[in-house]
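Peer 1: The following file, model-v4.pdb, comprises PDB, C-alpha atoms:
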ATOM      1  CA  MET B   1     -21.602 -20.130 -16.001  1.00  0.00           C
ATOM      2  CA  ALA B   2     -19.932 -21.288 -19.211  1.00  0.00           C
ATOM      3  CA  ASP B   3     -18.464 -17.806 -19.753  1.00  0.00           C
ATOM      4  CA  THR B   4     -16.798 -17.965 -16.347  1.00  0.00           C
ATOM      5  CA  VAL B   5     -15.260 -21.371 -16.990  1.00  0.00           C
ATOM      6  CA  LEU B   6     -13.986 -20.302 -20.406  1.00  0.00           C
ATOM      7  CA  PHE B   7     -12.468 -17.140 -18.931  1.00  0.00           C
ATOM      8  CA  GLU B   8     -10.771 -19.164 -16.169  1.00  0.00           C
ATOM      9  CA  PHE B   9      -9.308 -21.626 -18.697  1.00  0.00           C
ATOM     10  CA  LEU B  10      -8.120 -18.843 -21.006  1.00  0.00           C
ATOM     11  CA  HIS B  11      -6.492 -16.974 -18.120  1.00  0.00           C
ATOM     12  CA  THR B  12      -4.834 -20.127 -16.796  1.00  0.00           C
ATOM     13  CA  GLU B  13      -3.431 -20.910 -20.248  1.00  0.00           C
ATOM     14  CA  MET B  14      -2.082 -17.361 -20.654  1.00  0.00           C
ATOM     15  CA  VAL B  15      -0.282 -17.633 -17.326  1.00  0.00           C
ATOM     16  CA  ALA B  16       0.999 -21.137 -18.082  1.00  0.00           C
ATOM     17  CA  GLU B  17       2.319 -20.080 -21.488  1.00  0.00           C
ATOM     18  CA  LEU B  18       4.155 -17.080 -20.083  1.00  0.00           C
ATOM     19  CA  TRP B  19       5.629 -19.134 -17.251  1.00  0.00           C
ATOM     20  CA  ALA B  20       6.595 -22.110 -19.395  1.00  0.00           C
ATOM     21  CA  PRO B  21      10.032 -23.375 -18.389  1.00  0.00           C
ATOM     22  CA  ASP B  22      12.796 -21.802 -20.428  1.00  0.00           C
ATOM     23  CA  LEU B  23      16.039 -23.680 -20.932  1.00  0.00           C
ATOM     24  CA  ASN B  24      18.059 -20.454 -20.837  1.00  0.00           C
ATOM     25  CA  PRO B  25      16.195 -18.097 -18.510  1.00  0.00           C
ATOM     26  CA  GLY B  26      17.607 -14.601 -18.506  1.00  0.00           C
ATOM     27  CA  PRO B  27      17.593 -12.164 -15.614  1.00  0.00           C
ATOM     28  CA  GLY B  28      14.224 -10.534 -15.048  1.00  0.00           C
ATOM     29  CA  GLU B  29      12.209 -13.139 -16.983  1.00  0.00           C
ATOM     30  CA  GLN B  30       9.495 -13.224 -14.332  1.00  0.00           C
ATOM     31  CA  LYS B  31       9.110  -9.437 -14.372  1.00  0.00           C
ATOM     32  CA  THR B  32       8.763  -9.533 -18.148  1.00  0.00           C
ATOM     33  CA  SER B  33       6.000 -12.141 -17.899  1.00  0.00           C
ATOM     34  CA  LEU B  34       4.130 -10.034 -15.339  1.00  0.00           C
ATOM     35  CA  SER B  35       4.426  -7.014 -17.628  1.00  0.00           C
ATOM     36  CA  VAL B  36       3.115  -9.008 -20.585  1.00  0.00           C
ATOM     37  CA  LEU B  37       0.086 -10.160 -18.571  1.00  0.00           C
ATOM     38  CA  GLU B  38      -0.581  -6.594 -17.422  1.00  0.00           C
ATOM     39  CA  GLY B  39      -0.140  -5.468 -21.006  1.00  0.00           C
ATOM     40  CA  ILE B  40      -2.799  -7.914 -22.162  1.00  0.00           C
ATOM     41  CA  GLY B  41      -5.144  -6.779 -19.384  1.00  0.00           C
ATOM     42  CA  PHE B  42      -4.773  -3.060 -20.146  1.00  0.00           C
ATOM     43  CA  PRO B  43      -6.453  -2.972 -23.602  1.00  0.00           C
ATOM     44  CA  THR B  44      -9.034  -5.458 -22.358  1.00  0.00           C
ATOM     45  CA  GLY B  45      -9.864  -3.025 -19.560  1.00  0.00           C
ATOM     46  CA  GLN B  46      -9.949  -0.134 -22.020  1.00  0.00           C
ATOM     47  CA  ALA B  47     -12.486  -1.985 -24.169  1.00  0.00           C
ATOM     48  CA  LEU B  48     -14.629  -2.806 -21.135  1.00  0.00           C
ATOM     49  CA  GLY B  49     -14.403   0.804 -19.982  1.00  0.00           C
ATOM     50  CA  GLU B  50     -15.793   1.916 -23.336  1.00  0.00           C
ATOM     51  CA  ARG B  51     -18.643  -0.584 -23.413  1.00  0.00           C
ATOM     52  CA  LEU B  52     -19.901  -0.965 -19.845  1.00  0.00           C
ATOM     53  CA  PRO B  53     -20.860   2.506 -18.567  1.00  0.00           C
ATOM     54  CA  ARG B  54     -23.550   3.157 -21.183  1.00  0.00           C
ATOM     55  CA  GLU B  55     -26.056   4.750 -18.803  1.00  0.00           C
ATOM     56  CA  THR B  56     -23.464   6.878 -17.016  1.00  0.00           C
ATOM     57  CA  LEU B  57     -22.243   9.714 -19.209  1.00  0.00           C
ATOM     58  CA  ALA B  58     -19.665  11.040 -16.784  1.00  0.00           C
ATOM     59  CA  PHE B  59     -18.544  10.193 -13.292  1.00  0.00           C
ATOM     60  CA  ARG B  60     -18.436  13.152 -10.936  1.00  0.00           C
ATOM     61  CA  GLU B  61     -15.648  11.995  -8.638  1.00  0.00           C
ATOM     62  CA  GLU B  62     -12.888   9.415  -8.441  1.00  0.00           C
ATOM     63  CA  LEU B  63     -14.867   7.553  -5.818  1.00  0.00           C
ATOM     64  CA  ASP B  64     -17.757   7.107  -8.274  1.00  0.00           C
ATOM     65  CA  VAL B  65     -15.354   5.560 -10.792  1.00  0.00           C
ATOM     66  CA  LEU B  66     -13.988   3.155  -8.161  1.00  0.00           C
ATOM     67  CA  LYS B  67     -17.514   2.192  -7.115  1.00  0.00           C
ATOM     68  CA  PHE B  68     -18.222   1.440 -10.778  1.00  0.00           C
ATOM     69  CA  LEU B  69     -15.193  -0.889 -10.822  1.00  0.00           C
ATOM     70  CA  CYS B  70     -16.302  -2.672  -7.654  1.00  0.00           C
ATOM     71  CA  LYS B  71     -19.856  -3.180  -8.788  1.00  0.00           C
ATOM     72  CA  ASP B  72     -20.405  -3.096 -12.537  1.00  0.00           C
ATOM     73  CA  LEU B  73     -16.988  -4.098 -13.897  1.00  0.00           C
ATOM     74  CA  TRP B  74     -16.461  -6.856 -11.329  1.00  0.00           C
ATOM     75  CA  VAL B  75     -19.919  -8.308 -12.012  1.00  0.00           C
ATOM     76  CA  ALA B  76     -19.299  -8.204 -15.780  1.00  0.00           C
ATOM     77  CA  VAL B  77     -15.970 -10.026 -15.485  1.00  0.00           C
ATOM     78  CA  PHE B  78     -16.240 -12.181 -12.339  1.00  0.00           C
ATOM     79  CA  GLN B  79     -20.040 -12.483 -11.823  1.00  0.00           C
ATOM     80  CA  LYS B  80     -19.887 -10.977  -8.319  1.00  0.00           C
ATOM     81  CA  GLN B  81     -19.308  -7.622  -6.699  1.00  0.00           C
ATOM     82  CA  MET B  82     -16.066  -6.704  -5.000  1.00  0.00           C
ATOM     83  CA  ASP B  83     -16.269  -7.365  -1.259  1.00  0.00           C
ATOM     84  CA  GLY B  84     -14.766  -4.114  -0.055  1.00  0.00           C
ATOM     85  CA  LEU B  85     -13.608  -0.645  -1.035  1.00  0.00           C
ATOM     86  CA  ARG B  86     -11.568   1.562   1.260  1.00  0.00           C
ATOM     87  CA  THR B  87      -9.848   4.873   0.740  1.00  0.00           C
ATOM     88  CA  ASN B  88      -7.540   7.216   2.613  1.00  0.00           C
ATOM     89  CA  HIS B  89      -9.202  10.173   0.810  1.00  0.00           C
ATOM     90  CA  GLN B  90      -5.807  11.129  -0.615  1.00  0.00           C
ATOM     91  CA  GLY B  91      -5.922   9.234  -3.888  1.00  0.00           C
ATOM     92  CA  THR B  92      -5.290   5.695  -2.635  1.00  0.00           C
ATOM     93  CA  TYR B  93      -8.012   3.062  -2.794  1.00  0.00           C
ATOM     94  CA  VAL B  94      -7.966  -0.564  -1.677  1.00  0.00           C
ATOM     95  CA  LEU B  95     -10.344  -2.985  -3.388  1.00  0.00           C
ATOM     96  CA  GLN B  96     -10.810  -6.316  -1.647  1.00  0.00           C
ATOM     97  CA  ASP B  97     -12.135  -9.583  -3.022  1.00  0.00           C
ATOM     98  CA  ASN B  98     -12.369 -12.300  -0.368  1.00  0.00           C
ATOM     99  CA  ASN B  99     -12.996 -15.094  -2.871  1.00  0.00           C
ATOM    100  CA  PHE B 100     -11.178 -14.080  -6.053  1.00  0.00           C
ATOM    101  CA  LEU B 101     -12.254 -16.335  -8.918  1.00  0.00           C
ATOM    102  CA  LEU B 102      -8.767 -16.797 -10.369  1.00  0.00           C
ATOM    103  CA  LEU B 103      -7.260 -17.786  -7.001  1.00  0.00           C
ATOM    104  CA  VAL B 104      -9.958 -20.236  -5.869  1.00  0.00           C
ATOM    105  CA  PRO B 105      -8.395 -23.266  -7.632  1.00  0.00           C
ATOM    106  CA  MET B 106      -5.158 -22.824  -5.686  1.00  0.00           C
ATOM    107  CA  ALA B 107      -6.706 -22.013  -2.306  1.00  0.00           C
ATOM    108  CA  SER B 108      -6.070 -25.472  -0.883  1.00  0.00           C
ATOM    109  CA  GLY B 109      -2.730 -24.681   0.708  1.00  0.00           C
ATOM    110  CA  LEU B 110      -0.103 -22.120   1.571  1.00  0.00           C
ATOM    111  CA  GLN B 111       2.362 -23.669  -0.879  1.00  0.00           C
ATOM    112  CA  TYR B 112       0.620 -21.766  -3.699  1.00  0.00           C
ATOM    113  CA  LEU B 113       0.806 -18.356  -2.012  1.00  0.00           C
ATOM    114  CA  GLU B 114       4.024 -17.390  -3.799  1.00  0.00           C
ATOM    115  CA  GLU B 115       2.459 -18.346  -7.154  1.00  0.00           C
ATOM    116  CA  ALA B 116      -0.501 -15.987  -6.661  1.00  0.00           C
ATOM    117  CA  PRO B 117       0.978 -12.741  -8.099  1.00  0.00           C
ATOM    118  CA  LYS B 118       1.151 -14.122 -11.620  1.00  0.00           C
ATOM    119  CA  PHE B 119      -2.591 -14.801 -11.447  1.00  0.00           C
ATOM    120  CA  LEU B 120      -3.280 -11.172 -10.502  1.00  0.00           C
ATOM    121  CA  ALA B 121      -1.197  -9.318 -13.117  1.00  0.00           C
ATOM    122  CA  PHE B 122      -3.841  -9.513 -15.862  1.00  0.00           C
ATOM    123  CA  THR B 123      -6.468  -8.116 -13.489  1.00  0.00           C
ATOM    124  CA  CYS B 124      -4.163  -5.243 -12.470  1.00  0.00           C
ATOM    125  CA  GLY B 125      -3.858  -4.326 -16.142  1.00  0.00           C
ATOM    126  CA  LEU B 126      -7.608  -4.720 -16.594  1.00  0.00           C
ATOM    127  CA  LEU B 127      -8.333  -2.282 -13.757  1.00  0.00           C
ATOM    128  CA  CYS B 128      -5.711   0.188 -14.946  1.00  0.00           C
ATOM    129  CA  GLY B 129      -7.024   0.088 -18.522  1.00  0.00           C
ATOM    130  CA  THR B 130     -10.615   0.646 -17.426  1.00  0.00           C
ATOM    131  CA  LEU B 131      -9.586   3.561 -15.228  1.00  0.00           C
ATOM    132  CA  HIS B 132      -7.578   5.060 -18.090  1.00  0.00           C
ATOM    133  CA  THR B 133     -10.599   4.938 -20.404  1.00  0.00           C
ATOM    134  CA  LEU B 134     -12.710   6.618 -17.728  1.00  0.00           C
ATOM    135  CA  GLY B 135     -10.177   9.453 -17.473  1.00  0.00           C
ATOM    136  CA  VAL B 136      -8.330   8.371 -14.328  1.00  0.00           C
ATOM    137  CA  ARG B 137      -4.567   7.821 -14.535  1.00  0.00           C
ATOM    138  CA  SER B 138      -3.545   5.236 -11.972  1.00  0.00           C
ATOM    139  CA  LEU B 139      -1.082   2.655 -10.764  1.00  0.00           C
ATOM    140  CA  VAL B 140      -2.606  -0.684  -9.722  1.00  0.00           C
ATOM    141  CA  THR B 141      -0.838  -3.306  -7.609  1.00  0.00           C
ATOM    142  CA  ALA B 142      -2.127  -6.490  -6.012  1.00  0.00           C
ATOM    143  CA  SER B 143      -1.305  -8.447  -2.885  1.00  0.00           C
ATOM    144  CA  VAL B 144      -2.340 -11.739  -1.332  1.00  0.00           C
ATOM    145  CA  THR B 145      -1.948 -12.742   2.306  1.00  0.00           C
ATOM    146  CA  THR B 146      -4.372 -15.655   2.420  1.00  0.00           C
ATOM    147  CA  LEU B 147      -5.821 -17.548  -0.515  1.00  0.00           C
ATOM    148  CA  PRO B 148      -8.251 -17.010  -2.223  1.00  0.00           C
ATOM    149  CA  ALA B 149      -8.555 -13.432  -0.916  1.00  0.00           C
ATOM    150  CA  CYS B 150      -6.671 -10.591  -2.578  1.00  0.00           C
ATOM    151  CA  MET B 151      -6.407  -6.830  -2.441  1.00  0.00           C
ATOM    152  CA  PHE B 152      -5.869  -4.408  -5.302  1.00  0.00           C
ATOM    153  CA  GLN B 153      -4.328  -1.077  -4.390  1.00  0.00           C
ATOM    154  CA  VAL B 154      -5.179   1.747  -6.778  1.00  0.00           C
ATOM    155  CA  VAL B 155      -3.077   4.899  -6.521  1.00  0.00           C
ATOM    156  CA  ILE B 156      -4.475   7.815  -8.495  1.00  0.00           C
ATOM    157  CA  LEU B 157      -1.732   9.687 -10.350  1.00  0.00           C
ATOM    158  CA  LYS B 158      -2.197  13.452 -10.275  1.00  0.00           C
ATOM    159  CA  SER B 159      -1.292  15.387 -13.400  1.00  0.00           C
TER     160      SER B 159
END
Could you write out this file's structure as structure tokens?

Peer 2:
Amino acid sequence: MADTVLFEFLHTEMVAELWAPDLNPGPGEQKTSLSVLEGIGFPTGQALGERLPRETLAFREELDVLKFLCKDLWVAVFQKQMDGLRTNHQGTYVLQDNNFLLLVPMASGLQYLEEAPKFLAFTCGLLCGTLHTLGVRSLVTASVTTLPACMFQVVILKS
């Protein structure tokens, strides 16, 4: 319980710091902030990818790796499993969380919907970093249509 609250506060402060009002904002400032948050999430995901799968020496298929993300990684970080995993069997996976921990505080109205992407960037980096450590090159994006639900789209990059 305390770990979850601390993580929420830390994440909120990271986002707030990167979105602090700038007196002379340059073009593309928001994109830079998203990249910084993803960049912080990536090594965090790499570290989790090294530490979590102790009992699993190697995953046989991509789908096994994604199932690991939805179950083990999500429980370790957010204390719950992902609500859904879908695939088109061509290297694209959609992970759905219907009650995403980092979006719950802003779920009271539609006015916060446009603010949601900045609260998902760290998690995109986290997923991408974990996948990288497990030997899967990927591109991770996130989308929100209704708060606090979100979807993470994972596209596997073929060598």

Peer 1: The PyMOL selection byres ((chain B and resi 95) around 9) - which residues does that actually catch in the file I just gave you? List them as number ranges by chain.

Peer 2: B: 66, 70, 82-87, 93-94, 96-97, 150-154

Peer 1: In terms of the shortest atom-to-atom distance over only C-alpha atoms, which of B:Tyr112, B:Phe68, B:Trp19, B:Phe100 is closest to Ala142 (chain B)?

Peer 2: B:Phe100

Peer 1: Could you expand the PyMOL selection byres ((chain B and resi 59) around 12) into the explicit residues it covers here, written as a JSON list (two decimals) with C-alpha atoms, keeping the file's coordinate frame?

Peer 2:
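New file selection-v5.json:
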[["chain", "number", "residue", "atom", "x", "y", "z"],
["B", 53, "PRO", "CA", -20.86, 2.51, -18.57],
["B", 54, "ARG", "CA", -23.55, 3.16, -21.18],
["B", 55, "GLU", "CA", -26.06, 4.75, -18.80],
["B", 56, "THR", "CA", -23.46, 6.88, -17.02],
["B", 57, "LEU", "CA", -22.24, 9.71, -19.21],
["B", 58, "ALA", "CA", -19.66, 11.04, -16.78],
["B", 60, "ARG", "CA", -18.44, 13.15, -10.94],
["B", 61, "GLU", "CA", -15.65, 12.00, -8.64],
["B", 62, "GLU", "CA", -12.89, 9.41, -8.44],
["B", 63, "LEU", "CA", -14.87, 7.55, -5.82],
["B", 64, "ASP", "CA", -17.76, 7.11, -8.27],
["B", 65, "VAL", "CA", -15.35, 5.56, -10.79],
["B", 66, "LEU", "CA", -13.99, 3.16, -8.16],
["B", 67, "LYS", "CA", -17.51, 2.19, -7.12],
["B", 68, "PHE", "CA", -18.22, 1.44, -10.78],
["B", 69, "LEU", "CA", -15.19, -0.89, -10.82],
["B", 131, "LEU", "CA", -9.59, 3.56, -15.23],
["B", 133, "THR", "CA", -10.60, 4.94, -20.40],
["B", 134, "LEU", "CA", -12.71, 6.62, -17.73],
["B", 135, "GLY", "CA", -10.18, 9.45, -17.47],
["B", 136, "VAL", "CA", -8.33, 8.37, -14.33]]

Peer 1: Once 8 Å is added on each side, what centre and edge lengths in Å to one decimal does the axis-aligned box around all listed atoms of region 42-48 of chain B have, as AutoDock Vina command-line options?

Peer 2:
--center_x -9.7 --center_y -2.8 --center_z -21.9 --size_x 25.9 --size_y 21.3 --size_z 20.6

Peer 1: At a cut-off of 9 Å from (3.1, -6.1, -14.5) in the coordinates of the file, what residues are picked up using all atoms listed in the file, written as a list in words?

Peer 2: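 It turns out the residues near that spot are Lys31, Thr32, Ser33, Leu34, Ser35, Val36, Leu37, Glu38, Gly39, Lys118, Ala121, Phe122, Cys124, Gly125 and Thr141 of chain B.
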
Peer 1: Those same residues, written as a short mmCIF file (atom, residue, chain, number, x, y, z; two decimals), in the frame of the given file with C-alpha atoms?

Peer 2:
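The resulting file, result35.cif, is shown below:
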data_model
loop_
_atom_site.label_atom_id
_atom_site.label_comp_id
_atom_site.auth_asym_id
_atom_site.auth_seq_id
_atom_site.Cartn_x
_atom_site.Cartn_y
_atom_site.Cartn_z
CA LYS B 31 9.11 -9.44 -14.37
CA THR B 32 8.76 -9.53 -18.15
CA SER B 33 6.00 -12.14 -17.90
CA LEU B 34 4.13 -10.03 -15.34
CA SER B 35 4.43 -7.01 -17.63
CA VAL B 36 3.12 -9.01 -20.58
CA LEU B 37 0.09 -10.16 -18.57
CA GLU B 38 -0.58 -6.59 -17.42
CA GLY B 39 -0.14 -5.47 -21.01
CA LYS B 118 1.15 -14.12 -11.62
CA ALA B 121 -1.20 -9.32 -13.12
CA PHE B 122 -3.84 -9.51 -15.86
CA CYS B 124 -4.16 -5.24 -12.47
CA GLY B 125 -3.86 -4.33 -16.14
CA THR B 141 -0.84 -3.31 -7.61
#

Peer 1: Need the shell around Ala16 (chain B): protein/DNA/RNA residues with any atom at most 10 Å away, counting only C-alpha atoms. Skip same-chain ones fewer than 5 positions apart. Format as a list in words?

Peer 2: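 After dropping sequence-adjacent residues, the list is Leu10, His11, Pro21, Lys118 and Phe119 of chain B.
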
Peer 1: Could you tell me which residues the PyMOL selection byres ((chain B and resi 103) around 9) grabs in this file, written as a PDB file with C-alpha atoms, in the coordinates of the input?

Peer 2:
ATOM      1  CA  ASN B  99     -12.996 -15.094  -2.871  1.00  0.00           C
ATOM      2  CA  PHE B 100     -11.178 -14.080  -6.053  1.00  0.00           C
ATOM      3  CA  LEU B 101     -12.254 -16.335  -8.918  1.00  0.00           C
ATOM      4  CA  LEU B 102      -8.767 -16.797 -10.369  1.00  0.00           C
ATOM      5  CA  VAL B 104      -9.958 -20.236  -5.869  1.00  0.00           C
ATOM      6  CA  PRO B 105      -8.395 -23.266  -7.632  1.00  0.00           C
ATOM      7  CA  MET B 106      -5.158 -22.824  -5.686  1.00  0.00           C
ATOM      8  CA  ALA B 107      -6.706 -22.013  -2.306  1.00  0.00           C
ATOM      9  CA  ALA B 116      -0.501 -15.987  -6.661  1.00  0.00           C
ATOM     10  CA  PHE B 119      -2.591 -14.801 -11.447  1.00  0.00           C
ATOM     11  CA  LEU B 120      -3.280 -11.172 -10.502  1.00  0.00           C
ATOM     12  CA  LEU B 147      -5.821 -17.548  -0.515  1.00  0.00           C
ATOM     13  CA  PRO B 148      -8.251 -17.010  -2.223  1.00  0.00           C
ATOM     14  CA  ALA B 149      -8.555 -13.432  -0.916  1.00  0.00           C
ATOM     15  CA  CYS B 150      -6.671 -10.591  -2.578  1.00  0.00           C
TER      16      CYS B 150
END

Peer 1: Please, what distance in Å, to one decimal, runs between CA of Gly129 (chain B) and CA of Val15 (chain B)?

Peer 2: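 We find that CA of Gly129 (chain B) and CA of Val15 (chain B) lie 19.0 Å from each other.
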
Peer 1: Have a look at CA of Ile40 (chain B) and CA of Gln81 (chain B) and let me know their distance in Å, one decimal.

Peer 2: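 It comes out at 22.6 Å.
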
Peer 1: Find, counting all atoms listed in the file, the residue in B:His89, B:Ile156, B:Val140, B:Thr4 that gets nearest to Val75 (chain B).

Peer 2: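 Looking only at the distances to Val75 (chain B), the closest residue turns out to be B:Thr4.
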
Peer 1: For a test of reading the model, state the distance in Å between CA of Phe78 (chain B) and CA of Gln111 (chain B), rounded to one decimal.

Peer 2: 24.7 Å

Peer 1: Taking all atoms listed in the file into account, name the residue in B:Ser138, B:Glu8, B:Thr146, B:Gln46 that is nearest to Thr92 (chain B).

Peer 2: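 Under the stated criterion, the closest residue is B:Ser138.
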
Peer 1: Can you rebuild region 51-72 of chain B with N, CA, C and O atoms and give it as an mmCIF file, keeping the file's coordinate frame?

Peer 2:
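As written to disk, rebuild.cif reads:
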data_model
loop_
_atom_site.group_PDB
_atom_site.id
_atom_site.type_symbol
_atom_site.label_atom_id
_atom_site.label_comp_id
_atom_site.auth_asym_id
_atom_site.auth_seq_id
_atom_site.Cartn_x
_atom_site.Cartn_y
_atom_site.Cartn_z
ATOM 1 N N ARG B 51 -17.362 0.073 -23.166
ATOM 2 C CA ARG B 51 -18.643 -0.584 -23.413
ATOM 3 C C ARG B 51 -19.577 -0.638 -22.210
ATOM 4 O O ARG B 51 -20.786 -0.623 -22.373
ATOM 5 N N LEU B 52 -19.044 -0.740 -21.011
ATOM 6 C CA LEU B 52 -19.901 -0.965 -19.845
ATOM 7 C C LEU B 52 -20.698 0.252 -19.363
ATOM 8 O O LEU B 52 -21.880 0.110 -19.092
ATOM 9 N N PRO B 53 -20.097 1.408 -19.195
ATOM 10 C CA PRO B 53 -20.860 2.506 -18.567
ATOM 11 C C PRO B 53 -21.780 3.249 -19.538
ATOM 12 O O PRO B 53 -21.694 4.448 -19.707
ATOM 13 N N ARG B 54 -22.667 2.542 -20.192
ATOM 14 C CA ARG B 54 -23.550 3.157 -21.183
ATOM 15 C C ARG B 54 -24.506 4.184 -20.557
ATOM 16 O O ARG B 54 -24.733 5.224 -21.118
ATOM 17 N N GLU B 55 -25.069 3.857 -19.404
ATOM 18 C CA GLU B 55 -26.056 4.750 -18.803
ATOM 19 C C GLU B 55 -25.419 5.901 -18.027
ATOM 20 O O GLU B 55 -26.071 6.869 -17.701
ATOM 21 N N THR B 56 -24.148 5.833 -17.756
ATOM 22 C CA THR B 56 -23.464 6.878 -17.016
ATOM 23 C C THR B 56 -22.600 7.673 -17.992
ATOM 24 O O THR B 56 -21.613 7.170 -18.494
ATOM 25 N N LEU B 57 -22.987 8.904 -18.246
ATOM 26 C CA LEU B 57 -22.243 9.714 -19.209
ATOM 27 C C LEU B 57 -20.907 10.179 -18.640
ATOM 28 O O LEU B 57 -19.904 10.198 -19.330
ATOM 29 N N ALA B 58 -20.913 10.578 -17.397
ATOM 30 C CA ALA B 58 -19.665 11.040 -16.784
ATOM 31 C C ALA B 58 -19.730 10.777 -15.282
ATOM 32 O O ALA B 58 -20.779 10.931 -14.661
ATOM 33 N N PHE B 59 -18.617 10.385 -14.736
ATOM 34 C CA PHE B 59 -18.544 10.193 -13.292
ATOM 35 C C PHE B 59 -18.126 11.521 -12.667
ATOM 36 O O PHE B 59 -17.249 12.211 -13.181
ATOM 37 N N ARG B 60 -18.730 11.863 -11.563
ATOM 38 C CA ARG B 60 -18.436 13.152 -10.936
ATOM 39 C C ARG B 60 -17.118 13.138 -10.175
ATOM 40 O O ARG B 60 -16.388 14.098 -10.193
ATOM 41 N N GLU B 61 -16.841 12.053 -9.484
ATOM 42 C CA GLU B 61 -15.648 11.995 -8.638
ATOM 43 C C GLU B 61 -14.922 10.678 -8.847
ATOM 44 O O GLU B 61 -15.487 9.722 -9.379
ATOM 45 N N GLU B 62 -13.682 10.650 -8.382
ATOM 46 C CA GLU B 62 -12.888 9.415 -8.441
ATOM 47 C C GLU B 62 -13.603 8.284 -7.730
ATOM 48 O O GLU B 62 -13.605 7.154 -8.206
ATOM 49 N N LEU B 63 -14.197 8.584 -6.599
ATOM 50 C CA LEU B 63 -14.867 7.553 -5.818
ATOM 51 C C LEU B 63 -15.995 6.902 -6.617
ATOM 52 O O LEU B 63 -16.201 5.680 -6.534
ATOM 53 N N ASP B 64 -16.699 7.671 -7.430
ATOM 54 C CA ASP B 64 -17.757 7.107 -8.274
ATOM 55 C C ASP B 64 -17.178 6.124 -9.284
ATOM 56 O O ASP B 64 -17.773 5.079 -9.556
ATOM 57 N N VAL B 65 -16.012 6.446 -9.833
ATOM 58 C CA VAL B 65 -15.354 5.560 -10.792
ATOM 59 C C VAL B 65 -14.960 4.258 -10.102
ATOM 60 O O VAL B 65 -15.171 3.168 -10.638
ATOM 61 N N LEU B 66 -14.399 4.352 -8.889
ATOM 62 C CA LEU B 66 -13.988 3.155 -8.161
ATOM 63 C C LEU B 66 -15.190 2.303 -7.760
ATOM 64 O O LEU B 66 -15.116 1.072 -7.795
ATOM 65 N N LYS B 67 -16.290 2.938 -7.418
ATOM 66 C CA LYS B 67 -17.514 2.192 -7.115
ATOM 67 C C LYS B 67 -18.005 1.449 -8.357
ATOM 68 O O LYS B 67 -18.477 0.320 -8.272
ATOM 69 N N PHE B 68 -17.870 2.092 -9.513
ATOM 70 C CA PHE B 68 -18.222 1.440 -10.778
ATOM 71 C C PHE B 68 -17.375 0.183 -10.976
ATOM 72 O O PHE B 68 -17.880 -0.868 -11.370
ATOM 73 N N LEU B 69 -16.066 0.278 -10.692
ATOM 74 C CA LEU B 69 -15.193 -0.889 -10.822
ATOM 75 C C LEU B 69 -15.647 -2.015 -9.910
ATOM 76 O O LEU B 69 -15.699 -3.172 -10.320
ATOM 77 N N CYS B 70 -15.944 -1.663 -8.662
ATOM 78 C CA CYS B 70 -16.302 -2.672 -7.654
ATOM 79 C C CYS B 70 -17.641 -3.340 -7.934
ATOM 80 O O CYS B 70 -17.840 -4.499 -7.561
ATOM 81 N N LYS B 71 -18.531 -2.616 -8.532
ATOM 82 C CA LYS B 71 -19.856 -3.180 -8.788
ATOM 83 C C LYS B 71 -19.972 -3.664 -10.222
ATOM 84 O O LYS B 71 -19.955 -4.855 -10.496
ATOM 85 N N ASP B 72 -20.077 -2.750 -11.148
ATOM 86 C CA ASP B 72 -20.405 -3.096 -12.537
ATOM 87 C C ASP B 72 -19.308 -3.888 -13.248
ATOM 88 O O ASP B 72 -19.581 -4.917 -13.871
#
